[in-house]
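Containing mmCIF, C-alpha atoms: final-v4.cif.
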data_start
loop_
_atom_site.label_atom_id
_atom_site.label_comp_id
_atom_site.auth_asym_id
_atom_site.auth_seq_id
_atom_site.Cartn_x
_atom_site.Cartn_y
_atom_site.Cartn_z
CA MET D 576 -47.54 -4.17 -57.63
CA THR D 577 -45.59 -7.42 -57.38
CA SER D 578 -44.75 -8.28 -60.98
CA PRO D 579 -43.80 -6.41 -64.14
CA SER D 580 -46.61 -5.01 -66.27
CA PRO D 581 -47.29 -7.09 -69.41
CA ALA D 582 -47.10 -3.98 -71.60
CA PRO D 583 -44.53 -1.15 -71.57
CA LEU D 584 -45.48 2.38 -70.64
CA ILE D 585 -44.19 3.85 -73.93
CA SER D 586 -43.47 2.08 -77.22
CA LEU D 587 -42.45 4.17 -80.23
CA THR D 588 -41.40 3.45 -83.79
CA TRP D 589 -39.56 6.19 -85.68
CA THR D 590 -38.87 6.31 -89.42
CA ASP D 591 -35.95 8.37 -90.72
CA HIS D 592 -37.23 10.70 -93.44
CA VAL D 593 -33.85 10.61 -95.22
CA THR D 594 -33.03 6.89 -95.40
CA GLY D 595 -36.24 5.14 -94.37
CA THR D 596 -34.37 3.52 -91.46
CA GLU D 597 -36.50 2.59 -88.46
CA GLY D 598 -35.64 3.24 -84.82
CA TYR D 599 -37.41 2.34 -81.61
CA LEU D 600 -37.82 3.57 -78.06
CA VAL D 601 -39.44 1.47 -75.36
CA VAL D 602 -39.90 2.78 -71.83
CA ASP D 603 -40.88 -0.27 -69.82
CA ARG D 604 -41.60 1.67 -66.63
CA LEU D 605 -40.69 4.80 -64.69
CA VAL D 606 -39.45 5.09 -61.12
CA ARG D 607 -39.43 8.62 -59.73
CA GLY D 608 -40.44 9.65 -63.25
CA VAL D 609 -37.22 8.46 -64.90
CA SER D 610 -35.99 5.38 -66.79
CA SER D 611 -32.56 4.06 -67.72
CA GLY D 612 -31.32 2.05 -70.71
CA GLY D 613 -28.81 2.25 -73.53
CA LEU D 614 -29.17 2.82 -77.26
CA ARG D 615 -28.04 0.13 -79.68
CA MET D 616 -27.54 0.20 -83.43
CA ARG D 617 -27.49 -2.96 -85.48
CA GLU D 618 -28.90 -4.12 -88.77
CA GLY D 619 -32.01 -6.20 -88.07
CA CYS D 620 -32.89 -4.57 -84.74
CA THR D 621 -36.64 -4.89 -84.03
CA LEU D 622 -39.22 -3.34 -81.76
CA ALA D 623 -39.71 -6.70 -80.01
CA GLU D 624 -35.98 -6.88 -79.32
CA VAL D 625 -35.94 -3.39 -77.83
CA ALA D 626 -39.01 -4.17 -75.71
CA GLY D 627 -37.28 -7.24 -74.30
CA LEU D 628 -34.17 -5.23 -73.53
CA ALA D 629 -36.25 -2.54 -71.82
CA ARG D 630 -37.91 -5.15 -69.63
CA GLY D 631 -34.46 -6.48 -68.77
CA MET D 632 -33.37 -2.99 -67.75
CA SER D 633 -36.29 -2.77 -65.32
CA MET D 634 -35.04 -6.00 -63.77
CA LYS D 635 -31.43 -4.81 -63.60
CA GLU D 636 -32.44 -1.62 -61.85
CA ALA D 637 -34.62 -3.50 -59.35
CA LEU D 638 -31.87 -6.03 -58.64
CA HIS D 639 -29.53 -3.20 -57.64
CA PHE D 640 -32.05 -1.76 -55.20
CA ASP D 641 -30.44 -2.10 -51.77
CA ALA D 642 -33.26 -1.72 -49.28
CA GLY D 643 -30.92 -2.51 -46.42
CA ASN D 644 -28.55 0.37 -47.16
CA PRO D 645 -30.28 3.65 -46.29
CA GLY D 646 -27.03 5.51 -46.93
CA ALA D 647 -26.92 4.64 -50.64
CA ARG D 648 -27.38 7.71 -52.83
CA TYR D 649 -28.22 5.73 -55.96
CA ILE D 650 -31.87 4.77 -55.96
CA PRO D 651 -32.78 2.61 -58.98
CA LEU D 652 -34.75 4.02 -61.87
CA GLY D 653 -37.18 2.42 -64.30
CA GLY D 654 -36.13 0.46 -67.38
CA ALA D 655 -35.99 1.57 -71.03
CA LYS D 656 -34.08 0.90 -74.24
CA GLY D 657 -33.53 2.41 -77.66
CA GLY D 658 -32.62 0.67 -80.90
CA ILE D 659 -31.91 1.60 -84.52
CA ASP D 660 -32.15 -0.90 -87.38
CA CYS D 661 -28.95 0.14 -89.15
CA ASP D 662 -25.44 -1.20 -89.71
CA PRO D 663 -23.25 1.06 -87.52
CA ARG D 664 -20.48 0.75 -90.13
CA ALA D 665 -22.67 2.20 -92.89
CA PRO D 666 -21.69 5.68 -94.17
CA ALA D 667 -25.16 7.03 -93.35
CA ALA D 668 -25.20 5.61 -89.79
CA TYR D 669 -24.04 8.72 -87.95
CA GLY D 670 -26.61 10.93 -89.61
CA VAL D 671 -29.33 8.43 -88.74
CA LEU D 672 -28.15 8.46 -85.13
CA VAL D 673 -28.28 12.26 -84.92
CA ARG D 674 -31.76 12.39 -86.43
CA PHE D 675 -33.02 9.64 -84.12
CA LEU D 676 -31.76 11.49 -81.04
CA ARG D 677 -33.22 14.75 -82.33
CA ALA D 678 -36.61 13.06 -82.70
CA MET D 679 -36.31 11.51 -79.23
CA ARG D 680 -35.11 14.74 -77.63
CA PRO D 681 -38.24 15.32 -75.46
CA TYR D 682 -37.93 11.82 -74.00
CA VAL D 683 -34.17 12.12 -73.35
CA GLU D 684 -34.72 15.49 -71.70
CA HIS D 685 -37.44 14.28 -69.35
CA VAL D 686 -37.82 10.48 -68.94
CA TRP D 687 -35.12 8.42 -70.71
CA THR D 688 -31.46 8.37 -69.64
CA THR D 689 -29.33 6.54 -72.17
CA GLY D 690 -25.79 5.72 -73.29
CA GLU D 691 -23.80 3.36 -75.46
CA ASP D 692 -24.91 -0.16 -76.27
CA LEU D 693 -24.23 -2.67 -79.03
CA GLY D 694 -22.79 -0.99 -82.14
CA LEU D 695 -22.23 2.43 -80.55
CA SER D 696 -19.50 3.95 -78.40
CA GLN D 697 -20.21 6.51 -75.70
CA ASP D 698 -18.07 9.09 -77.49
CA LEU D 699 -20.18 8.68 -80.62
CA VAL D 700 -23.46 8.88 -78.71
CA ASP D 701 -22.30 11.99 -76.86
CA ARG D 702 -21.20 13.69 -80.09
CA ALA D 703 -24.49 12.88 -81.82
CA ALA D 704 -26.48 14.00 -78.77
CA ALA D 705 -24.74 17.38 -78.76
CA GLU D 706 -25.46 17.78 -82.48
CA ALA D 707 -29.10 16.91 -81.77
CA GLY D 708 -29.30 19.76 -79.25
CA LEU D 709 -29.17 17.71 -76.04
CA VAL D 710 -27.33 18.84 -72.92
CA SER D 711 -26.55 15.24 -71.96
CA THR D 712 -27.91 11.76 -72.56
CA VAL D 713 -28.59 11.45 -68.81
CA GLN D 714 -30.12 14.88 -68.24
CA ALA D 715 -33.51 13.39 -67.28
CA ALA D 716 -31.88 12.30 -64.01
CA TYR D 717 -30.53 15.77 -63.17
CA PRO D 718 -33.62 16.84 -61.17
CA LEU D 719 -32.98 13.88 -58.85
CA LEU D 720 -29.46 15.10 -57.94
CA ASP D 721 -28.55 17.11 -54.86
CA ASP D 722 -25.63 18.79 -56.62
CA GLU D 723 -26.05 18.68 -60.38
CA ALA D 724 -22.84 20.55 -61.21
CA GLY D 725 -20.75 18.34 -58.92
CA ALA D 726 -22.40 15.16 -60.21
CA ARG D 727 -21.83 16.09 -63.86
CA ARG D 728 -18.21 16.96 -63.14
CA ARG D 729 -17.69 13.66 -61.29
CA LEU D 730 -19.11 11.61 -64.17
CA ALA D 731 -17.07 13.50 -66.76
CA GLU D 732 -13.91 12.90 -64.74
CA ALA D 733 -14.75 9.20 -64.45
CA PHE D 734 -15.16 8.91 -68.22
CA ALA D 735 -11.73 10.49 -68.65
CA VAL D 736 -10.05 7.73 -66.61
CA ALA D 737 -8.22 4.98 -68.51
CA VAL D 738 -6.38 1.91 -67.24
CA ASP D 739 -3.74 0.36 -69.47
CA GLY D 740 -5.21 2.02 -72.52
CA ILE D 741 -8.89 1.16 -71.93
CA GLY D 742 -11.46 3.61 -70.56
CA LEU D 743 -12.95 3.05 -67.14
CA ASP D 744 -16.45 3.19 -68.63
CA GLU D 745 -15.58 0.10 -70.71
CA LEU D 746 -13.77 -1.73 -67.94
CA VAL D 747 -16.41 -1.66 -65.20
CA GLY D 748 -18.83 -3.77 -67.22
CA GLY D 749 -16.21 -6.44 -67.83
CA CYS D 750 -15.21 -6.27 -64.18
CA GLY D 751 -18.79 -7.13 -63.24
CA VAL D 752 -19.03 -9.99 -65.74
CA ALA D 753 -15.73 -11.39 -64.52
CA GLU D 754 -16.77 -11.18 -60.87
CA CYS D 755 -19.95 -13.14 -61.58
CA THR D 756 -17.89 -15.77 -63.39
CA LEU D 757 -15.37 -16.01 -60.56
CA ALA D 758 -18.18 -16.32 -58.00
CA ALA D 759 -19.63 -19.29 -59.89
CA LEU D 760 -16.22 -20.95 -60.08
CA ASP D 761 -15.58 -20.33 -56.39
CA ARG D 762 -18.93 -21.80 -55.36
CA ALA D 763 -18.15 -24.92 -57.42
CA GLY D 764 -14.62 -25.21 -56.03
CA VAL D 765 -12.98 -24.80 -59.44
CA PRO D 766 -9.55 -23.11 -59.24
CA HIS D 767 -9.28 -20.11 -61.54
CA SER D 768 -6.15 -21.56 -63.12
CA ASP D 769 -8.10 -24.67 -64.17
CA ALA D 770 -10.78 -22.72 -66.05
CA ARG D 771 -10.69 -22.01 -69.78
CA VAL D 772 -12.82 -19.34 -71.43
CA SER D 773 -14.30 -18.86 -74.89
CA LEU D 774 -15.81 -15.49 -75.79
CA GLN D 775 -17.96 -14.19 -78.60
CA GLY D 776 -17.10 -10.55 -79.07
CA LEU D 777 -14.05 -8.49 -78.17
CA GLY D 778 -15.76 -5.11 -78.17
CA THR D 779 -16.55 -2.97 -75.14
CA MET D 780 -17.95 -5.71 -72.90
CA GLY D 781 -16.14 -8.73 -74.33
CA GLY D 782 -12.74 -7.07 -74.37
CA ALA D 783 -12.95 -5.88 -70.77
CA THR D 784 -14.27 -9.27 -69.64
CA ALA D 785 -11.38 -11.03 -71.37
CA ARG D 786 -8.87 -8.77 -69.64
CA PHE D 787 -10.29 -9.28 -66.14
CA LEU D 788 -10.69 -13.04 -66.52
CA SER D 789 -7.19 -13.40 -67.94
CA ARG D 790 -5.70 -11.35 -65.10
CA ALA D 791 -7.65 -13.48 -62.60
CA GLY D 792 -5.76 -16.54 -63.85
CA LEU D 793 -8.23 -18.02 -66.33
CA THR D 794 -7.02 -19.07 -69.78
CA VAL D 795 -8.79 -17.49 -72.74
CA VAL D 796 -8.69 -20.15 -75.48
CA ALA D 797 -11.04 -18.67 -78.10
CA VAL D 798 -12.37 -15.28 -79.18
CA ALA D 799 -14.84 -14.65 -82.01
CA ASP D 800 -15.42 -11.47 -83.99
CA VAL D 801 -17.07 -10.71 -87.35
CA LYS D 802 -14.14 -12.29 -89.23
CA GLY D 803 -14.33 -15.64 -87.40
CA THR D 804 -12.92 -17.33 -84.32
CA ILE D 805 -9.34 -17.03 -83.11
CA SER D 806 -8.36 -20.08 -81.07
CA ASN D 807 -5.39 -21.45 -79.19
CA PRO D 808 -5.85 -24.33 -76.71
CA ALA D 809 -2.71 -23.17 -74.88
CA GLY D 810 -4.15 -19.69 -74.40
CA LEU D 811 -4.40 -16.49 -76.41
CA ASP D 812 -2.42 -13.31 -75.76
CA VAL D 813 -5.39 -11.25 -74.61
CA GLU D 814 -3.54 -7.95 -74.30
CA ALA D 815 -2.13 -8.24 -77.83
CA LEU D 816 -5.60 -8.93 -79.22
CA LEU D 817 -7.07 -5.99 -77.31
CA ALA D 818 -4.40 -3.67 -78.66
CA ALA D 819 -5.11 -4.85 -82.23
CA ARG D 820 -8.89 -4.17 -82.19
CA ASP D 821 -10.65 -1.61 -84.33
CA ALA D 822 -13.52 0.56 -83.06
CA HIS D 823 -15.99 -2.29 -83.58
CA GLY D 824 -13.94 -4.97 -81.79
CA THR D 825 -12.53 -6.64 -84.91
CA VAL D 826 -8.99 -7.98 -84.40
CA ASP D 827 -6.19 -7.40 -86.90
CA ARG D 828 -5.05 -10.93 -87.75
CA GLY D 829 -1.52 -9.66 -88.27
CA VAL D 830 -0.89 -9.93 -84.51
CA LEU D 831 -1.66 -13.66 -84.31
CA ARG D 832 1.15 -15.82 -82.92
CA HIS D 833 2.39 -19.27 -83.88
CA GLY D 834 -0.20 -21.67 -82.51
CA ASP D 835 -3.12 -19.29 -82.91
CA GLN D 836 -5.70 -20.70 -85.31
CA GLU D 837 -8.34 -19.03 -87.45
CA LEU D 838 -11.60 -21.01 -87.31
CA PRO D 839 -15.20 -20.48 -88.51
CA SER D 840 -17.41 -17.93 -86.80
CA ASP D 841 -19.37 -20.45 -84.71
CA ALA D 842 -16.31 -22.35 -83.47
CA TRP D 843 -16.34 -20.34 -80.23
CA LEU D 844 -19.52 -22.20 -79.21
CA ALA D 845 -17.86 -25.61 -79.36
CA ALA D 846 -14.55 -24.60 -77.77
CA ASP D 847 -13.17 -26.96 -75.13
CA ALA D 848 -13.72 -24.59 -72.21
CA GLU D 849 -15.41 -24.45 -68.84
CA VAL D 850 -16.83 -20.96 -69.39
CA LEU D 851 -18.60 -19.63 -72.48
CA VAL D 852 -19.14 -15.87 -72.65
CA PRO D 853 -21.47 -14.54 -75.37
CA ALA D 854 -20.55 -10.86 -75.29
CA ALA D 855 -21.70 -9.57 -78.66
CA VAL D 856 -25.15 -10.00 -80.17
CA SER D 857 -28.57 -11.03 -78.93
CA TYR D 858 -29.97 -14.46 -79.85
CA ALA D 859 -26.48 -15.97 -80.33
CA VAL D 860 -27.40 -19.33 -78.77
CA GLY D 861 -30.60 -20.96 -79.95
CA PRO D 862 -32.17 -24.43 -80.03
CA GLY D 863 -30.34 -25.22 -83.26
CA ASN D 864 -26.78 -24.58 -82.06
CA GLN D 865 -26.94 -25.11 -78.29
CA ALA D 866 -25.87 -28.74 -78.78
CA LEU D 867 -22.41 -27.43 -79.72
CA VAL D 868 -21.93 -26.08 -76.20
CA SER D 869 -19.94 -28.26 -73.82
CA ALA D 870 -18.98 -25.56 -71.29
CA ARG D 871 -20.18 -25.85 -67.70
CA TRP D 872 -21.27 -22.22 -67.51
CA VAL D 873 -22.67 -19.78 -70.07
CA VAL D 874 -22.14 -16.24 -68.79
CA GLU D 875 -24.38 -13.72 -70.55
CA ALA D 876 -22.23 -10.64 -71.01
CA ALA D 877 -24.41 -9.58 -73.95
CA ASN D 878 -28.11 -8.77 -73.67
CA MET D 879 -30.45 -11.68 -74.42
CA PRO D 880 -27.80 -13.89 -76.10
CA VAL D 881 -29.44 -17.21 -75.13
CA LEU D 882 -32.97 -17.91 -76.33
CA PRO D 883 -35.34 -19.35 -73.69
CA GLU D 884 -35.74 -22.65 -75.56
CA ALA D 885 -31.97 -23.04 -75.73
CA GLU D 886 -31.58 -22.23 -72.05
CA SER D 887 -34.03 -25.01 -71.15
CA LEU D 888 -32.08 -27.49 -73.28
CA LEU D 889 -28.79 -26.38 -71.74
CA ALA D 890 -30.24 -26.79 -68.24
CA GLU D 891 -31.31 -30.33 -69.08
CA ARG D 892 -27.66 -31.06 -69.92
CA GLY D 893 -26.44 -29.60 -66.63
CA ILE D 894 -25.14 -26.36 -68.11
CA THR D 895 -25.82 -23.25 -66.02
CA VAL D 896 -26.68 -19.94 -67.67
CA LEU D 897 -25.78 -16.90 -65.58
CA PRO D 898 -28.38 -14.38 -66.79
CA ASP D 899 -27.71 -11.04 -68.43
CA VAL D 900 -29.97 -9.13 -66.03
CA VAL D 901 -27.42 -9.91 -63.33
CA VAL D 902 -24.13 -10.45 -65.15
CA ASN D 903 -23.91 -7.33 -67.30
CA SER D 904 -25.75 -4.95 -64.97
CA GLY D 905 -22.55 -3.47 -63.57
CA THR D 906 -22.08 -0.91 -66.34
CA ASN D 907 -25.46 0.68 -65.80
CA ALA D 908 -25.05 0.63 -62.03
CA TRP D 909 -21.58 2.24 -62.27
CA TRP D 910 -23.03 5.22 -64.14
CA TRP D 911 -25.44 5.84 -61.29
CA TRP D 912 -23.05 5.04 -58.44
CA THR D 913 -20.79 7.69 -59.93
CA LEU D 914 -23.40 10.30 -60.86
CA PHE D 915 -25.23 10.09 -57.53
CA GLY D 916 -21.96 10.07 -55.56
CA ASP D 917 -21.67 6.60 -54.03
CA ILE D 918 -18.20 6.40 -55.60
CA GLY D 919 -15.76 8.90 -57.03
CA PRO D 920 -14.01 9.10 -60.42
CA ASP D 921 -11.31 6.62 -59.41
CA ALA D 922 -10.61 3.27 -61.09
CA GLU D 923 -9.68 1.25 -58.03
CA GLU D 924 -12.66 2.55 -56.07
CA ALA D 925 -14.92 1.72 -59.01
CA PHE D 926 -13.50 -1.81 -59.31
CA ARG D 927 -13.80 -2.45 -55.56
CA HIS D 928 -17.39 -1.26 -55.47
CA THR D 929 -18.29 -3.20 -58.62
CA ARG D 930 -16.69 -6.43 -57.38
CA ARG D 931 -18.35 -6.18 -53.98
CA SER D 932 -21.79 -5.36 -55.37
CA MET D 933 -21.73 -7.88 -58.21
CA ARG D 934 -20.38 -10.66 -55.97
CA ALA D 935 -23.15 -10.03 -53.45
CA LEU D 936 -25.80 -9.98 -56.17
CA ILE D 937 -24.73 -13.13 -58.02
CA ASP D 938 -24.26 -15.00 -54.72
CA HIS D 939 -27.78 -14.00 -53.71
CA VAL D 940 -29.15 -15.21 -57.05
CA LEU D 941 -27.27 -18.51 -56.95
CA GLU D 942 -28.31 -19.14 -53.36
CA ARG D 943 -31.95 -18.47 -54.28
CA ALA D 944 -31.66 -20.79 -57.28
CA ALA D 945 -30.25 -23.57 -55.12
CA ALA D 946 -32.93 -23.10 -52.44
CA ASP D 947 -35.80 -23.00 -54.95
CA GLY D 948 -34.42 -25.66 -57.26
CA CYS D 949 -34.64 -23.36 -60.27
CA THR D 950 -32.38 -21.67 -62.80
CA PRO D 951 -30.47 -18.51 -61.90
CA ARG D 952 -32.71 -16.55 -64.28
CA ALA D 953 -35.86 -17.74 -62.47
CA ALA D 954 -34.18 -16.87 -59.18
CA ALA D 955 -33.42 -13.35 -60.46
CA HIS D 956 -37.06 -12.93 -61.46
CA ALA D 957 -38.13 -14.03 -57.99
CA LEU D 958 -35.82 -11.49 -56.35
CA VAL D 959 -37.21 -8.74 -58.57
CA ALA D 960 -40.76 -9.72 -57.60
CA ASP D 961 -39.73 -9.43 -53.94
CA ARG D 962 -38.33 -5.92 -54.43
CA LEU D 963 -40.96 -4.30 -56.62
CA PRO D 964 -43.54 -3.69 -53.87
CA VAL D 965 -40.93 -1.98 -51.68
CA MET D 966 -39.76 0.22 -54.54
CA ALA D 967 -43.35 1.10 -55.46
CA GLU D 968 -44.17 2.07 -51.89
CA ARG D 969 -41.04 4.16 -51.34
CA PHE D 970 -40.44 5.89 -54.64
CA GLY D 971 -43.51 5.70 -56.85
CA TRP D 972 -43.73 3.10 -59.57
CA TYR D 973 -45.59 3.88 -62.76
CA ARG D 974 -46.96 1.00 -64.77
#

Could you render the structure from this file as structure tokens?
Amino acid sequence: MTSPSPAPLISLTWTDHVTGTEGYLVVDRLVRGVSSGGLRMREGCTLAEVAGLARGMSMKEALHFDAGNPGARYIPLGGAKGGIDCDPRAPAAYGVLVRFLRAMRPYVEHVWTTGEDLGLSQDLVDRAAAEAGLVSTVQAAYPLLDDEAGARRRLAEAFAVAVDGIGLDELVGGCGVAECTLAALDRAGVPHSDARVSLQGLGTMGGATARFLSRAGLTVVAVADVKGTISNPAGLDVEALLAARDAHGTVDRGVLRHGDQELPSDAWLAADAEVLVPAAVSYAVGPGNQALVSARWVVEAANMPVLPEAESLLAERGITVLPDVVVNSGTNAWWWWTLFGDIGPDAEEAFRHTRRSMRALIDHVLERAAADGCTPRAAAHALVADRLPVMAERFGWYR
């Protein structure tokens, strides 16, 4: 098999008997009988959205397959995704989450490893999973482990690590996004101190990305949340904003400094910046608003934030989109590097491994794009197509 199947292996729609809320599970494919992909909760989530995310997870897993490293313990899995059409802030949301996981229990136990995604924290998912009778949200991978007890202990210890008030599980994703951004700047010869950044979202991924980019010397000039855009051409105090977030990434405006401005929600798109980071919702950049973008790079920290039609229009204007299947794949990979034992529960080791792996991956993608004269997304697809036959031959690839 050399290309992804046009249809997923499993596609389910669930209806909550209490609220009428719908939820979805899509298993795009299985490798060694197991798939990997988070669970999101947002009002308006659709089956088509979840299917696209599941396909993206298959790509992310394949892109992290290192055929040249026989010593790697982590062997990529298949791709999957879950989604619930519900506002995570709604009073009934937690009950819906518990009932969804209870209904999906056979899949979580045997074929679908999952975790936090948009709208949900890992703590909340873990609590709901326990209430639904699950041992763990990644228990489907346990039969693949040499030492299950040691692996579970290692992952639990890693989740207990925090750096400057933010959990390691949040930080590794932003570390990967930042490394991809820095690689693009380095290849273009742009000094980090000359690069300005505008982000949509200051939640798990956006907040960690903002911290790593700021500490790398870039200037964060705009950040958007559900209340609007906070902007300062001279640079925002990223650490103060991070400390003033609520559980959903909304910033308390009471911490804003003189010179910080409150602008409309879409102002982050038009910010005078070299780097634009959509790190919140899917479909944030479409054909109708892409003309607002003047940044040189759009770095997809969120899943599917740029619609294909918009990406084509951006490319025509010389704007490069660094694709989500590469950029935000570090979080998923970190789970497995840790669980399978390629790294230990240590922040600096995790950051080193993430930086090295993500730099190698994005460089490979950008080199392929330059050689083929295509977009980085097309280059990523080509690399996946190269790796699928090897994975199928070595590990078994279903659908």

Name every residue that the PyMOL selection byres ((chain D and resi 788) around 10) selects in this structure, writing the answer as a PDB file with C-alpha atoms, in the frame of the given file with chains first and numbers rising.
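In the end it all went to result-v7.pdb:
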ATOM      1  CA  GLY D 749     -16.210  -6.440 -67.830  1.00  0.00           C
ATOM      2  CA  CYS D 750     -15.210  -6.270 -64.180  1.00  0.00           C
ATOM      3  CA  VAL D 752     -19.030  -9.990 -65.740  1.00  0.00           C
ATOM      4  CA  ALA D 753     -15.730 -11.390 -64.520  1.00  0.00           C
ATOM      5  CA  GLU D 754     -16.770 -11.180 -60.870  1.00  0.00           C
ATOM      6  CA  THR D 756     -17.890 -15.770 -63.390  1.00  0.00           C
ATOM      7  CA  LEU D 757     -15.370 -16.010 -60.560  1.00  0.00           C
ATOM      8  CA  HIS D 767      -9.280 -20.110 -61.540  1.00  0.00           C
ATOM      9  CA  ALA D 770     -10.780 -22.720 -66.050  1.00  0.00           C
ATOM     10  CA  ARG D 771     -10.690 -22.010 -69.780  1.00  0.00           C
ATOM     11  CA  VAL D 772     -12.820 -19.340 -71.430  1.00  0.00           C
ATOM     12  CA  ALA D 783     -12.950  -5.880 -70.770  1.00  0.00           C
ATOM     13  CA  THR D 784     -14.270  -9.270 -69.640  1.00  0.00           C
ATOM     14  CA  ALA D 785     -11.380 -11.030 -71.370  1.00  0.00           C
ATOM     15  CA  ARG D 786      -8.870  -8.770 -69.640  1.00  0.00           C
ATOM     16  CA  PHE D 787     -10.290  -9.280 -66.140  1.00  0.00           C
ATOM     17  CA  SER D 789      -7.190 -13.400 -67.940  1.00  0.00           C
ATOM     18  CA  ARG D 790      -5.700 -11.350 -65.100  1.00  0.00           C
ATOM     19  CA  ALA D 791      -7.650 -13.480 -62.600  1.00  0.00           C
ATOM     20  CA  GLY D 792      -5.760 -16.540 -63.850  1.00  0.00           C
ATOM     21  CA  LEU D 793      -8.230 -18.020 -66.330  1.00  0.00           C
ATOM     22  CA  THR D 794      -7.020 -19.070 -69.780  1.00  0.00           C
ATOM     23  CA  VAL D 795      -8.790 -17.490 -72.740  1.00  0.00           C
ATOM     24  CA  VAL D 813      -5.390 -11.250 -74.610  1.00  0.00           C
TER      25      VAL D 813
END

Show me a table, sorted first by chain and then by increasing residue number, of the residues of range 678-742 of chain D having an atom at most 10 Å from range 818-827 of chain D, each with its shortest atom pair and the distance in Å to one decimal, counting all atoms listed in the file and written as a tab-separated table.
residue	atom	partner	partner_atom	distance
D:Leu693	CA	D:His823	CA	9.4
D:Gly694	CA	D:His823	CA	7.1
D:Leu695	CA	D:His823	CA	8.4
D:Ser696	CA	D:Ala822	CA	8.3
D:Gly740	CA	D:Ala818	CA	8.4
D:Ile741	CA	D:Ala818	CA	9.4

Excluding Val873 in chain D and any residue of its chain fewer than 2 positions from it, enumerate the residues within 10 Å of it, using all atoms listed in the file, and give them as a PyMOL selection string. chain D and resi 756+772-774+844+849-853+860+868-871+875-876+880-881+886+889+894-898

Which of these residues is nearest to Glu723 in chain D, using all atoms listed in the file: D:Pro808, D:Gly916, D:Pro964, D:Pro839? D:Gly916

With distances taken over all atoms listed in the file, which of D:Gly748, D:Gly861, D:Pro766, D:Pro681 is nearest to Ala715 in chain D?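 Using all atoms listed in the file, the shortest distance to Ala715 in chain D belongs to D:Pro681.
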
Given the PyMOL selection byres ((chain D and resi 649-653) around 7), the residues it picks as a list of chain:residue names: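 Output of the PyMOL selection byres ((chain D and resi 649-653) around 7): D:Arg604, D:Leu605, D:Val606, D:Arg607, D:Val609, D:Ser610, D:Ser611, D:Ser633, D:Glu636, D:Ala637, D:His639, D:Phe640, D:Ala647, D:Arg648, D:Gly654, D:Ala655, D:Trp911, D:Trp912, D:Phe915, D:Asp917.
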
Who sits within 6 Å of Glu597 in chain D, only C-alpha atoms, same chain under 3 positions skipped, as a compact mmCIF listing (two decimals) with C-alpha atoms, keeping the file's coordinate frame:
# COMPACT_ATOMS: atom_id res chain seq x y z
CA TRP D 589 -39.56 6.19 -85.68
CA THR D 590 -38.87 6.31 -89.42
CA ASP D 660 -32.15 -0.90 -87.38

Smallest atom-to-atom distance to Gly863 in chain D: which of D:Glu884, D:Asp662, D:Asp847, D:Asp761, using all atoms listed in the file?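 With all atoms listed in the file as the atom set, the closest residue is D:Glu884.
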
Which residue is closest to Val625 in chain D? Choose from D:Gly657, D:Gly612, D:Gly803, D:Pro718 and count all atoms listed in the file.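 The shortest atom-to-atom distance to Val625 in chain D comes from D:Gly657.
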
So how many Å separate CA of Ala735 in chain D and CA of Asn903 in chain D, to one decimal?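 CA of Ala735 in chain D sits 21.6 Å away from CA of Asn903 in chain D.
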
As an MDAnalysis selection string, please: the residues near Asp692 in chain D (cut-off 7 Å, all atoms listed in the file, same-chain neighbours under 5 positions excluded). chainID D and resid 613:615

So, counting all atoms listed in the file, which residue among D:Ala890, D:Ala726, D:Ala954, D:Val901 is closest to Leu936 in chain D?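 Among D:Ala890, D:Ala726, D:Ala954, D:Val901, it is D:Val901 that comes nearest to Leu936 in chain D.
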
Gap from CA of Ser711 in chain D to CA of Gly725 in chain D - Å, one decimal: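 So the answer is 14.6 Å.
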
Around range 937-942 of chain D, with edges along x, y and z and 6 Å added on all six sides, what centre and edge lengths do you get, in Å to one decimal, as lines of an AutoDock Vina configuration file?
center_x = -26.7
center_y = -16.1
center_z = -55.7
size_x = 16.9
size_y = 18.0
size_z = 16.7

Hey, can you check how far CA of Met879 in chain D sits from CA of Gly658 in chain D?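 Straight-line distance from CA of Met879 in chain D to CA of Gly658 in chain D works out to 14.1 Å.
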
From the list D:Pro663, D:Asp961, D:Thr596, D:Arg728, which residue is nearest Leu699 in chain D when using all atoms listed in the file?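 Comparing D:Pro663, D:Asp961, D:Thr596, D:Arg728 against Leu699 in chain D, the winner is D:Pro663.
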
For the file shown, report as number ranges by chain the outcome of the PyMOL selection byres ((chain D and resi 938-946) around 10) at residue level. D: 638, 755, 758-759, 762, 897-898, 901, 932-937, 947-958

Restrict the selected residues to C-alpha atoms and save them as a compact mmCIF listing (two decimals), in the frame of the given file.
# COMPACT_ATOMS: atom_id res chain seq x y z
CA LEU D 638 -31.87 -6.03 -58.64
CA CYS D 755 -19.95 -13.14 -61.58
CA ALA D 758 -18.18 -16.32 -58.00
CA ALA D 759 -19.63 -19.29 -59.89
CA ARG D 762 -18.93 -21.80 -55.36
CA LEU D 897 -25.78 -16.90 -65.58
CA PRO D 898 -28.38 -14.38 -66.79
CA VAL D 901 -27.42 -9.91 -63.33
CA SER D 932 -21.79 -5.36 -55.37
CA MET D 933 -21.73 -7.88 -58.21
CA ARG D 934 -20.38 -10.66 -55.97
CA ALA D 935 -23.15 -10.03 -53.45
CA LEU D 936 -25.80 -9.98 -56.17
CA ILE D 937 -24.73 -13.13 -58.02
CA ASP D 947 -35.80 -23.00 -54.95
CA GLY D 948 -34.42 -25.66 -57.26
CA CYS D 949 -34.64 -23.36 -60.27
CA THR D 950 -32.38 -21.67 -62.80
CA PRO D 951 -30.47 -18.51 -61.90
CA ARG D 952 -32.71 -16.55 -64.28
CA ALA D 953 -35.86 -17.74 -62.47
CA ALA D 954 -34.18 -16.87 -59.18
CA ALA D 955 -33.42 -13.35 -60.46
CA HIS D 956 -37.06 -12.93 -61.46
CA ALA D 957 -38.13 -14.03 -57.99
CA LEU D 958 -35.82 -11.49 -56.35
